[in-house]
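Q: There's a structure below that I have some questions on.
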Number of protein chains: 4
Amino acid sequence: MIVVMEPEVTEEQISHMVERIRQFGLKPNVIQGAERTVIAAVGKERSDLMDSLARGPGVAAVMPILAPYKLASRELRQESTQVQTQSFRAGCGVCGVIAGPCSVETEEQLMTIARAVKSMGATALRGGAFKPRTSPYSFQGLKEAGLKLLAEARQETGLAIVTEIISTEDVELVAKYADVLQIGARNMQNYRLLEAVGKVEQPVLLKRGPSATMDEFLLAAEYILNEGNAQVMLCERGIRTFEAHTRFTLPLASVPYLHRATHLPVIIDPSHGTGHTYMVPDMAVASVAAGADGLIMEVHPDPENAMSDGYQSLNLEEFSDTMLRCRKIADALGKQFG
Amino acid sequence: MIVVMEPEVTEEQISHMVERIRQFGLKPNVIQGAERTVIAAVGKERSDLMDSLARGPGVAAVMPILAPYKLASRELRQESTQVQTQSFRAGCGVCGVIAGPCSVETEEQLMTIARAVKSMGATALRGGAFKPRTSPYSFQGLKEAGLKLLAEARQETGLAIVTEIISTEDVELVAKYADVLQIGARNMQNYRLLEAVGKVEQPVLLKRGPSATMDEFLLAAEYILNEGNAQVMLCERGIRTFEAHTRFTLPLASVPYLHRATHLPVIIDPSHGTGHTYMVPDMAVASVAAGADGLIMEVHPDPENAMSDGYQSLNLEEFSDTMLRCRKIADALGKQFG
Amino acid sequence: MIVVMEPEVTEEQISHMVERIRQFGLKPNVIQGAERTVIAAVGKERSDLMDSLARGPGVAAVMPILAPYKLASRELRQESTQVQTQSFRAGCGVCGVIAGPCSVETEEQLMTIARAVKSMGATALRGGAFKPRTSPYSFQGLKEAGLKLLAEARQETGLAIVTEIISTEDVELVAKYADVLQIGARNMQNYRLLEAVGKVEQPVLLKRGPSATMDEFLLAAEYILNEGNAQVMLCERGIRTFEAHTRFTLPLASVPYLHRATHLPVIIDPSHGTGHTYMVPDMAVASVAAGADGLIMEVHPDPENAMSDGYQSLNLEEFSDTMLRCRKIADALGKQFG
Amino acid sequence: MIVVMEPEVTEEQISHMVERIRQFGLKPNVIQGAERTVIAAVGKERSDLMDSLARGPGVAAVMPILAPYKLASRELRQESTQVQTQSFRAGCGVCGVIAGPCSVETEEQLMTIARAVKSMGATALRGGAFKPRTSPYSFQGLKEAGLKLLAEARQETGLAIVTEIISTEDVELVAKYADVLQIGARNMQNYRLLEAVGKVEQPVLLKRGPSATMDEFLLAAEYILNEGNAQVMLCERGIRTFEAHTRFTLPLASVPYLHRATHLPVIIDPSHGTGHTYMVPDMAVASVAAGADGLIMEVHPDPENAMSDGYQSLNLEEFSDTMLRCRKIADALGKQFG
């Protein structure tokens, strides 16, 4: 890391910092400029060392050189990771498609959707059984009954099941039914939960928190990888900005950024990433064009009567049209879609 | 709520929406303007109804009239809530002061700080035993050993103990030692945890998530209140914005806003709210002037060697000076400080 | 508009507001709910009326129903506008391509680029002669000499010339040479300048300010339209958010949003919208897929030696590859590219 | 500056960058770590050099060491600047108070306000004659007639006149009447205008753009200082964030930040910084406590009938109360108020 000293720094302060850097097992290089002195500290960077050096006397700033995550980084592992479970694949030229309702509501609702999205090319079925809701007065999900319906839908359609897990207490239960465990945006920094899903066999779909930086996002993945689960998918679902005409702002530049920074597949969620049904198709198509390794979309046969997220769910016809447009893009770019 | 129809709306679509509104037990009022038709739906608003109506045919937007939280609202309860435990009080003209290290490190460290902040006027001691850390490679806290040291410090100084809880599994353990349970910013929407602390006897210090809207913040409080725990303090600790010269942007207008919207006390955290030691005193003083019901500040006798957050911790002298300035402000405004 | 009254509103306050609404020539509809009274004011909305009503006694909030812009709105004009000048077209199924250097530097530089981008399918040439620079110490452009070089490049290649104008004093001069006048993001709310370019014959490329809401953006366009110039293109070039891995966050959902709100063509700038060369191709391709009516990209034969914006400029080979990928997308979607 | 190379950098790329750095007249220091090579470039930093180096082969990032502004920096000039004109002073322990209507409306309105705010302790009178309005359909100001009324008010009260200037064409005219020229937030990067007010004798009140970084803000000041006008005040008026319960988010940590970075006085605008009358008093008081060198507030005898900004204007009684509270704070902290 680089330690930048204040303009009026003293010799003593520089010596002190040189000594500190040595104590931490790093090699200090003092570079004296006309206006500022900087000390390059060569060796293994750690964020706690940075924080400590930042409070040293005469220090103006400490700047990191290396990424704070290791296992997730492309520097450590150059070839891209492909996540695979049941018929679902994501990464290495394959764009997987996860579709389904926000919440599992009834057997009929779920089976209708599962059959429809399967026939339209989806390779995984999403559906919430444990729902984290902003208001305590909103529908909280069918819980285990919902998981059972999801398993039934897999039984019939062969679609991989993607469902959210919101507490460490439920890991065993959800892992019994699901093929992919989803960590929602609200729990991106629920470290106990990350550690828990780091110990299961199933792949994990990790959603970006709406105000998480890329380093925070990748460090959350690192928690999972660090427990031994190498099957992590990163899901961009939009960030919080001043824009009010969308629920969240969907920054598709996350795709090229993450493809450079990490070997993990990148999934885009245009439903939460916009919050308005009419924007979802264009953003789905744009995601495929930008190089996404997968899409996750909310689909409901009757969005007006959905128990949650109807305002951003595609109906079956809209989903079918979106799939056709996406496939054209994938074909044009020589990628496998679905 | 107000349902705004599209400009090219048909009679059928209006009738459909009128019917839907009636089905939900609300009373529709159709108002026909020259350019737009709007339908006012009078009755008990619920966010799931809003979402459902938003997906209706010919609907352009649905706008809420009422706040989505109830128990937290000042409409429901007009007099302000004062939270009190041990020597600590917050609200109703009293500005409580919570001070202490980011992490509990050693007995000596903790006791030094506890005695010092007590003598300088703090009324509660903060200290992390379970630490949620952005990186899996950072110090994660002393856990129960840390809780025991905190209890020891209370024993000697009489200061109320404020400590963070990061998982439902630890509620019983932490509640055995602590006087105030802190929910950190990362867990503001960890609903299971909110429900769990809603069932304990101790007051809760709920930190705002860095991208939480005020409605989301107050709905998180609602989860706790809804379980029966009426002693909730709201802590503003800064939001994520484009500003890079501070770690977070501290929006002090949250104080007058929350004082109008809710009866719960408002605590300001100028340490996390700025991320730089040199800014903390000015922001602490400004918080008292703005009408905060409490402050929470990180204090360490040797910040350069702190195991976490040294860059934003005050040393004992800096804390003492800050307390003097804050007290002058409180005196000038006729408020009790500490 | 909808006037929401405070919970403890009095009859007098309601009468007062009803009277005010009538004074403004609007028709008041009082709707009494169990918890709140709202007054719908039917008629011609104006933002100054809203502001005035908002300060009325007992008023909690005033919510608009109609968009504040008129001439720019799709409500007023349903068919999409196509902007056309020289060989350049944007809108109505045609995606125009504007390419060229950030700054005009030398005759050789400009002619090399002009010939190259023309041969690769661009339909307009960008190049800055008057440069608004963040620092007073940076290169400020060749001014009229630069305009002359641009005119020369048009002469040879037939490409339409797009160049920025930063002051009303230069309107006459720039209009003598340019085919499209660009208003930069920093000047999006420089109203005198908007009025001035509203009086010229040439189309205007209006860039979104990095913190402008969509209403502010469209009201800026309204200033131009209101002076009589109907040829306005809206350029999304990224917004300021907390993300630091890109210079700006490029929100492609602006495309479907603007296509619904306005009849004006929407151009995307993936160069400023990301700030990093390596992200530009993916974002260009995604923009075409999202339905953009045009692209504007920075291209330089030797970006390392560019006098400005080298870090986000494509070299000729990169531009050529990007154009090929974009064209495949346009073909797949049945749109004309270039 | 520090040039960080990619992990897989070659010897040739390093040599190339060393050579480039030398060509720019800087001294390269190559530091080889286990995982990365960095090159410290010692000498006069310039943002255009940084941009150029960033595009070099094998370069991952370029990090600046020095601030990009010079004349505004406290490194160049250690003692604080006090701005003084007529009875108004700001800086060096004096907190000036600028108060008045958003727009000059009538002689009676202006004289009423001027006399009142003078009697309550204000030291300058604000009032807009040229109004930059978001909508072309809003009131645009009385123009020269408004300036004349302002001059009249100064004549009677002795208050310094602060008024906005929105175009270079008006500089001469406005400078004839005003004591302080205000550059509004929308024009913070209107460089021609900055240069123009850099050439007049009067002090300048420069408002921060709602998405301007501190470097951009100080570089805007640098444009003015660079033309010879040393009397620049920096005005924090709130930034654009995701928060919707305030019009802008007022980050008071700008006060300690700017006091460290620059010698120029810092003025706070709690009216625009919140956008709601009821928040203004608390934020005014907090600003004084945070160490602001001045306040600027909107005051109107009848806000409900103000021609602009009534929703954030204090009436005379509210202003009087606010002044009393602010003065108590200033007295407690030993600062001069007004």
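Chains: A, B, ... in order of the structure tokens. Residues: from 1 per chain. Ligands: from 1, in order shown.
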Leaving out stretch 272-281 of chain A and any residue of its chain fewer than 3 positions from it, which residues lie within 8 Å of it when counting only C-alpha atoms, given as JSON, numbers by chain?

A: {"A": [236, 237, 238, 239, 246, 247, 248, 249, 250, 269, 284, 285, 311, 312, 313, 314, 318, 319, 322], "C": [253, 256, 257]}

Q: Export N, CA and C atoms of the chosen residues as a PDB file, in the first residue's frame?

A:
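The result, written out as out-v7.pdb:
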```pdb
ATOM      1  N   GLU A 236     -26.073  -8.933 -10.104  1.00  0.00           N
ATOM      2  CA  GLU A 236     -26.295  -7.478 -10.090  1.00  0.00           C
ATOM      3  C   GLU A 236     -27.789  -7.240 -10.166  1.00  0.00           C
ATOM      4  N   ARG A 237     -28.358  -6.527  -9.194  1.00  0.00           N
ATOM      5  CA  ARG A 237     -29.805  -6.302  -9.163  1.00  0.00           C
ATOM      6  C   ARG A 237     -30.153  -4.843  -8.967  1.00  0.00           C
ATOM      7  N   GLY A 238     -29.154  -3.987  -9.228  1.00  0.00           N
ATOM      8  CA  GLY A 238     -29.446  -2.563  -9.177  1.00  0.00           C
ATOM      9  C   GLY A 238     -28.983  -1.925  -7.885  1.00  0.00           C
ATOM     10  N   ILE A 239     -28.633  -0.670  -7.986  1.00  0.00           N
ATOM     11  CA  ILE A 239     -28.119   0.087  -6.844  1.00  0.00           C
ATOM     12  C   ILE A 239     -29.037   1.263  -6.547  1.00  0.00           C
ATOM     13  N   THR A 246     -37.007   4.767 -11.648  1.00  0.00           N
ATOM     14  CA  THR A 246     -36.806   3.327 -11.525  1.00  0.00           C
ATOM     15  C   THR A 246     -36.689   3.030 -10.034  1.00  0.00           C
ATOM     16  N   ARG A 247     -37.017   1.780  -9.627  1.00  0.00           N
ATOM     17  CA  ARG A 247     -36.878   1.460  -8.200  1.00  0.00           C
ATOM     18  C   ARG A 247     -35.395   1.420  -7.815  1.00  0.00           C
ATOM     19  N   PHE A 248     -34.581   0.851  -8.689  1.00  0.00           N
ATOM     20  CA  PHE A 248     -33.137   0.833  -8.510  1.00  0.00           C
ATOM     21  C   PHE A 248     -32.508   1.167  -9.856  1.00  0.00           C
ATOM     22  N   THR A 249     -31.260   1.586  -9.824  1.00  0.00           N
ATOM     23  CA  THR A 249     -30.551   1.880 -11.063  1.00  0.00           C
ATOM     24  C   THR A 249     -29.714   0.654 -11.422  1.00  0.00           C
ATOM     25  N   LEU A 250     -29.918   0.131 -12.624  1.00  0.00           N
ATOM     26  CA  LEU A 250     -29.224  -1.096 -13.037  1.00  0.00           C
ATOM     27  C   LEU A 250     -27.959  -0.740 -13.807  1.00  0.00           C
ATOM     28  N   ASP A 269     -30.372  -9.202 -12.882  1.00  0.00           N
ATOM     29  CA  ASP A 269     -31.778  -9.251 -12.487  1.00  0.00           C
ATOM     30  C   ASP A 269     -32.469  -7.980 -12.985  1.00  0.00           C
ATOM     31  N   ALA A 284     -33.334  -6.857 -20.165  1.00  0.00           N
ATOM     32  CA  ALA A 284     -32.925  -8.265 -20.304  1.00  0.00           C
ATOM     33  C   ALA A 284     -32.082  -8.428 -21.564  1.00  0.00           C
ATOM     34  N   VAL A 285     -32.579  -7.866 -22.643  1.00  0.00           N
ATOM     35  CA  VAL A 285     -31.876  -7.960 -23.917  1.00  0.00           C
ATOM     36  C   VAL A 285     -30.508  -7.274 -23.813  1.00  0.00           C
ATOM     37  N   TYR A 311     -45.806  -5.521  -9.922  1.00  0.00           N
ATOM     38  CA  TYR A 311     -45.448  -4.333 -10.712  1.00  0.00           C
ATOM     39  C   TYR A 311     -44.186  -4.520 -11.535  1.00  0.00           C
ATOM     40  N   GLN A 312     -43.417  -5.566 -11.229  1.00  0.00           N
ATOM     41  CA  GLN A 312     -42.200  -5.778 -12.011  1.00  0.00           C
ATOM     42  C   GLN A 312     -42.141  -7.184 -12.626  1.00  0.00           C
ATOM     43  N   SER A 313     -43.250  -7.917 -12.545  1.00  0.00           N
ATOM     44  CA  SER A 313     -43.282  -9.264 -13.106  1.00  0.00           C
ATOM     45  C   SER A 313     -43.779  -9.234 -14.546  1.00  0.00           C
ATOM     46  N   LEU A 314     -43.168 -10.052 -15.394  1.00  0.00           N
ATOM     47  CA  LEU A 314     -43.644 -10.242 -16.755  1.00  0.00           C
ATOM     48  C   LEU A 314     -44.778 -11.264 -16.737  1.00  0.00           C
ATOM     49  N   GLU A 318     -45.344 -11.700 -22.248  1.00  0.00           N
ATOM     50  CA  GLU A 318     -44.196 -10.779 -22.213  1.00  0.00           C
ATOM     51  C   GLU A 318     -42.883 -11.548 -22.045  1.00  0.00           C
ATOM     52  N   PHE A 319     -42.931 -12.586 -21.213  1.00  0.00           N
ATOM     53  CA  PHE A 319     -41.722 -13.374 -21.005  1.00  0.00           C
ATOM     54  C   PHE A 319     -41.318 -14.087 -22.291  1.00  0.00           C
ATOM     55  N   THR A 322     -39.698 -11.681 -24.622  1.00  0.00           N
ATOM     56  CA  THR A 322     -38.374 -11.299 -24.134  1.00  0.00           C
ATOM     57  C   THR A 322     -37.361 -12.392 -24.438  1.00  0.00           C
TER      58      THR A 322
ATOM     59  N   ALA C 253     -31.649   1.896 -18.424  1.00  0.00           N
ATOM     60  CA  ALA C 253     -33.110   1.942 -18.326  1.00  0.00           C
ATOM     61  C   ALA C 253     -33.648   3.323 -18.719  1.00  0.00           C
ATOM     62  N   PRO C 256     -35.771   2.827 -22.233  1.00  0.00           N
ATOM     63  CA  PRO C 256     -37.227   2.592 -22.213  1.00  0.00           C
ATOM     64  C   PRO C 256     -37.997   3.698 -21.501  1.00  0.00           C
ATOM     65  N   TYR C 257     -37.409   4.283 -20.447  1.00  0.00           N
ATOM     66  CA  TYR C 257     -38.132   5.354 -19.763  1.00  0.00           C
ATOM     67  C   TYR C 257     -38.400   6.520 -20.708  1.00  0.00           C
TER      68      TYR C 257
END
```

Q: Quick one: which chain C residues come within 9 Å of chain D, and what is the nearest atom pair for each with the distance in Å to one decimal, counting only C-alpha atoms, rows ordered by chain and ascending number, as JSON lines?

A:
```
{"residue": "C:Arg46", "atom": "CA", "partner": "D:Tyr137", "partner_atom": "CA", "distance": 8.2}
{"residue": "C:Ser47", "atom": "CA", "partner": "D:Ser138", "partner_atom": "CA", "distance": 7.5}
{"residue": "C:Asp48", "atom": "CA", "partner": "D:Ser138", "partner_atom": "CA", "distance": 6.6}
{"residue": "C:Asp51", "atom": "CA", "partner": "D:Tyr311", "partner_atom": "CA", "distance": 6.0}
{"residue": "C:Ser52", "atom": "CA", "partner": "D:Glu304", "partner_atom": "CA", "distance": 5.4}
{"residue": "C:Leu53", "atom": "CA", "partner": "D:Glu304", "partner_atom": "CA", "distance": 7.0}
{"residue": "C:Ala54", "atom": "CA", "partner": "D:Tyr311", "partner_atom": "CA", "distance": 6.0}
{"residue": "C:Arg55", "atom": "CA", "partner": "D:Tyr311", "partner_atom": "CA", "distance": 5.0}
{"residue": "C:Gly56", "atom": "CA", "partner": "D:Glu304", "partner_atom": "CA", "distance": 5.8}
{"residue": "C:Pro57", "atom": "CA", "partner": "D:Glu304", "partner_atom": "CA", "distance": 8.6}
{"residue": "C:Pro68", "atom": "CA", "partner": "D:Ser135", "partner_atom": "CA", "distance": 7.6}
{"residue": "C:Tyr69", "atom": "CA", "partner": "D:Ser135", "partner_atom": "CA", "distance": 7.7}
{"residue": "C:Pro132", "atom": "CA", "partner": "D:Tyr191", "partner_atom": "CA", "distance": 6.7}
{"residue": "C:Arg133", "atom": "CA", "partner": "D:Tyr191", "partner_atom": "CA", "distance": 7.9}
{"residue": "C:Thr134", "atom": "CA", "partner": "D:Glu216", "partner_atom": "CA", "distance": 6.4}
{"residue": "C:Ser135", "atom": "CA", "partner": "D:Leu219", "partner_atom": "CA", "distance": 5.6}
{"residue": "C:Pro136", "atom": "CA", "partner": "D:Tyr223", "partner_atom": "CA", "distance": 5.6}
{"residue": "C:Tyr137", "atom": "CA", "partner": "D:Arg46", "partner_atom": "CA", "distance": 8.2}
{"residue": "C:Ser138", "atom": "CA", "partner": "D:Asp48", "partner_atom": "CA", "distance": 6.6}
{"residue": "C:Phe139", "atom": "CA", "partner": "D:Asp48", "partner_atom": "CA", "distance": 8.2}
{"residue": "C:Ile166", "atom": "CA", "partner": "D:Asn190", "partner_atom": "CA", "distance": 7.7}
{"residue": "C:Ser167", "atom": "CA", "partner": "D:Arg192", "partner_atom": "CA", "distance": 7.1}
{"residue": "C:Thr168", "atom": "CA", "partner": "D:Ser167", "partner_atom": "CA", "distance": 8.5}
{"residue": "C:Glu169", "atom": "CA", "partner": "D:Glu169", "partner_atom": "CA", "distance": 8.5}
{"residue": "C:Arg186", "atom": "CA", "partner": "D:Gln189", "partner_atom": "CA", "distance": 5.8}
{"residue": "C:Asn187", "atom": "CA", "partner": "D:Asn190", "partner_atom": "CA", "distance": 6.7}
{"residue": "C:Met188", "atom": "CA", "partner": "D:Arg186", "partner_atom": "CA", "distance": 8.2}
{"residue": "C:Gln189", "atom": "CA", "partner": "D:Arg186", "partner_atom": "CA", "distance": 5.9}
{"residue": "C:Asn190", "atom": "CA", "partner": "D:Asn187", "partner_atom": "CA", "distance": 6.6}
{"residue": "C:Tyr191", "atom": "CA", "partner": "D:Pro132", "partner_atom": "CA", "distance": 6.7}
{"residue": "C:Arg192", "atom": "CA", "partner": "D:Ser167", "partner_atom": "CA", "distance": 7.1}
{"residue": "C:Leu193", "atom": "CA", "partner": "D:Ser167", "partner_atom": "CA", "distance": 8.8}
{"residue": "C:Pro210", "atom": "CA", "partner": "D:Ser211", "partner_atom": "CA", "distance": 6.9}
{"residue": "C:Ser211", "atom": "CA", "partner": "D:Ser211", "partner_atom": "CA", "distance": 5.7}
{"residue": "C:Ala212", "atom": "CA", "partner": "D:Arg240", "partner_atom": "CA", "distance": 8.9}
{"residue": "C:Glu216", "atom": "CA", "partner": "D:Thr134", "partner_atom": "CA", "distance": 6.4}
{"residue": "C:Leu219", "atom": "CA", "partner": "D:Ser135", "partner_atom": "CA", "distance": 5.6}
{"residue": "C:Ala220", "atom": "CA", "partner": "D:Thr134", "partner_atom": "CA", "distance": 7.2}
{"residue": "C:Glu222", "atom": "CA", "partner": "D:Pro136", "partner_atom": "CA", "distance": 7.1}
{"residue": "C:Tyr223", "atom": "CA", "partner": "D:Pro136", "partner_atom": "CA", "distance": 5.6}
{"residue": "C:Asn226", "atom": "CA", "partner": "D:Pro136", "partner_atom": "CA", "distance": 7.8}
{"residue": "C:Ile239", "atom": "CA", "partner": "D:Ser211", "partner_atom": "CA", "distance": 9.0}
{"residue": "C:Arg240", "atom": "CA", "partner": "D:Ser211", "partner_atom": "CA", "distance": 6.5}
{"residue": "C:Thr241", "atom": "CA", "partner": "D:Thr241", "partner_atom": "CA", "distance": 8.0}
{"residue": "C:Thr277", "atom": "CA", "partner": "D:Arg55", "partner_atom": "CA", "distance": 8.6}
{"residue": "C:Pro303", "atom": "CA", "partner": "D:Arg55", "partner_atom": "CA", "distance": 6.8}
{"residue": "C:Glu304", "atom": "CA", "partner": "D:Arg55", "partner_atom": "CA", "distance": 5.1}
{"residue": "C:Asn305", "atom": "CA", "partner": "D:Ser52", "partner_atom": "CA", "distance": 6.3}
{"residue": "C:Ala306", "atom": "CA", "partner": "D:Ser52", "partner_atom": "CA", "distance": 7.1}
{"residue": "C:Met307", "atom": "CA", "partner": "D:Asp48", "partner_atom": "CA", "distance": 7.3}
{"residue": "C:Ser308", "atom": "CA", "partner": "D:Asp48", "partner_atom": "CA", "distance": 6.7}
{"residue": "C:Asp309", "atom": "CA", "partner": "D:Asp51", "partner_atom": "CA", "distance": 6.8}
{"residue": "C:Gly310", "atom": "CA", "partner": "D:Ser52", "partner_atom": "CA", "distance": 6.1}
{"residue": "C:Tyr311", "atom": "CA", "partner": "D:Arg55", "partner_atom": "CA", "distance": 5.0}
{"residue": "C:Gln312", "atom": "CA", "partner": "D:Arg55", "partner_atom": "CA", "distance": 8.3}
```

Q: When you draw a straight line from atom CA of D:Gln155 to atom CA of D:Leu264, how long is it in Å?

A: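 Interatomic distance here is 28.4 Å.
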
Q: Within 10 Å of D:Ser103, counting only C-alpha atoms, which residues qualify if same-chain residues fewer than 4 places away don't, as a PyMOL selection string?

A: chain D and resi 109-110+126-131+139-142+146+163+298+300+306-309

Q: When you look at A:Ser320 with a cut-off of 9 Å (counting only C-alpha atoms), what residues show up, excluding the ones that are within fewer than 2 positions of it in the same chain? I need them as a PyMOL selection string.

A: chain A and resi 116-117+120-121+315-318+322-325

Q: Once you have the residues from the selection above, write them out as a tab-separated table (two decimals), in the first residue's frame, restricted to N, CA and C atoms.

A:
```
chain	number	residue	atom	x	y	z
A	116	ALA	N	-44.60	-23.27	-18.25
A	116	ALA	CA	-44.51	-22.23	-19.28
A	116	ALA	C	-43.07	-21.78	-19.48
A	117	VAL	N	-42.39	-21.44	-18.42
A	117	VAL	CA	-41.03	-20.90	-18.59
A	117	VAL	C	-40.09	-21.98	-19.12
A	120	MET	N	-40.47	-22.14	-22.75
A	120	MET	CA	-39.95	-20.95	-23.43
A	120	MET	C	-38.43	-20.85	-23.33
A	121	GLY	N	-37.82	-21.82	-22.66
A	121	GLY	CA	-36.36	-21.86	-22.68
A	121	GLY	C	-35.64	-21.58	-21.37
A	315	ASN	N	-45.79	-11.06	-17.59
A	315	ASN	CA	-46.74	-12.15	-17.76
A	315	ASN	C	-46.16	-13.14	-18.78
A	316	LEU	N	-46.88	-14.22	-19.04
A	316	LEU	CA	-46.26	-15.28	-19.85
A	316	LEU	C	-45.96	-14.82	-21.27
A	317	GLU	N	-46.84	-14.01	-21.81
A	317	GLU	CA	-46.60	-13.54	-23.17
A	317	GLU	C	-45.39	-12.60	-23.23
A	318	GLU	N	-45.34	-11.70	-22.25
A	318	GLU	CA	-44.20	-10.78	-22.21
A	318	GLU	C	-42.88	-11.55	-22.04
A	322	THR	N	-39.70	-11.68	-24.62
A	322	THR	CA	-38.37	-11.30	-24.13
A	322	THR	C	-37.36	-12.39	-24.44
A	323	MET	N	-37.77	-13.65	-24.24
A	323	MET	CA	-36.87	-14.78	-24.52
A	323	MET	C	-36.48	-14.81	-26.00
A	324	LEU	N	-37.46	-14.54	-26.85
A	324	LEU	CA	-37.15	-14.56	-28.29
A	324	LEU	C	-36.12	-13.50	-28.64
A	325	ARG	N	-36.32	-12.29	-28.11
A	325	ARG	CA	-35.37	-11.21	-28.40
A	325	ARG	C	-33.99	-11.53	-27.84
```

Q: Can you list, as a compact mmCIF listing (two decimals) with C-alpha atoms, in the first residue's frame, every residue of stretch 253-301 of chain A that DSSP puts in alpha helix (DSSP H)?

A:
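For reference, part_22.txt as written:
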```
# COMPACT_ATOMS: atom_id res chain seq x y z
CA SER A 254 -20.87 -4.28 -13.67
CA VAL A 255 -20.63 -7.03 -16.28
CA PRO A 256 -17.33 -5.99 -17.89
CA TYR A 257 -16.00 -4.86 -14.51
CA LEU A 258 -16.69 -8.17 -12.80
CA HIS A 259 -15.50 -10.19 -15.79
CA ARG A 260 -12.16 -8.49 -15.36
CA ALA A 261 -11.99 -8.61 -11.56
CA VAL A 280 -37.67 -5.45 -18.06
CA PRO A 281 -37.56 -6.73 -21.67
CA ASP A 282 -35.19 -4.01 -22.94
CA MET A 283 -32.91 -4.47 -19.96
CA ALA A 284 -32.93 -8.26 -20.30
CA VAL A 285 -31.88 -7.96 -23.92
CA ALA A 286 -29.22 -5.38 -23.06
CA SER A 287 -27.84 -7.67 -20.34
CA VAL A 288 -27.32 -10.51 -22.79
CA ALA A 289 -25.63 -8.09 -25.19
CA ALA A 290 -23.37 -6.80 -22.41
```

Q: Run DSSP on the backbone of this structure and report the residues of stretch 18-139 of chain B it assigns to strand (DSSP E), as an MDAnalysis selection string.

A: chainID B and resid 27:32 37:42 59:63 83:85 88:90 94:100 124:126

Q: Applying 9 Å and only C-alpha atoms, which residues near stretch 1-6 of chain B remain after dropping the ones on its own chain fewer than 3 positions away? List them as JSON, numbers by chain.

A: {"B": [9, 13, 14, 17, 36, 37, 38, 39, 40, 41, 42, 43, 44, 45, 50, 53, 54, 57, 58, 59, 60, 61, 62, 63, 64, 65, 66], "C": [2, 65]}

Q: Near C:Ala145, within 10 Å and counting only C-alpha atoms, which residues show up once chain neighbours fewer than 2 positions away are dropped, as a VMD selection string?

A: chain C and resid 104 to 107 129 141 to 143 147 to 150

Q: Report the distance between atom CA of C:Ala151 and atom CA of C:Gly228 in Å, rounded to one decimal place.

A: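 Separating atom CA of C:Ala151 from atom CA of C:Gly228 is a distance of 25.7 Å.
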
Q: What's the separation between atom CA of A:Phe337 and atom CA of A:Leu295, in Å to one decimal place?

A: 9.8 Å

Q: Contacts of B:Thr123 at 10 Å or less, counting only C-alpha atoms, minus same-chain residues fewer than 2 places along, as a list in words?

A: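 Returned residues: Thr85, Gln86, Ser87, Phe88, Arg89, Ala90, Cys95, Gly96, Val97, Ile98, Ala99, Val117, Lys118, Ser119, Met120, Gly121, Leu125, Thr157, Gly158, Leu159, Ala160, Ile161, Phe337 and Gly338 of chain B.
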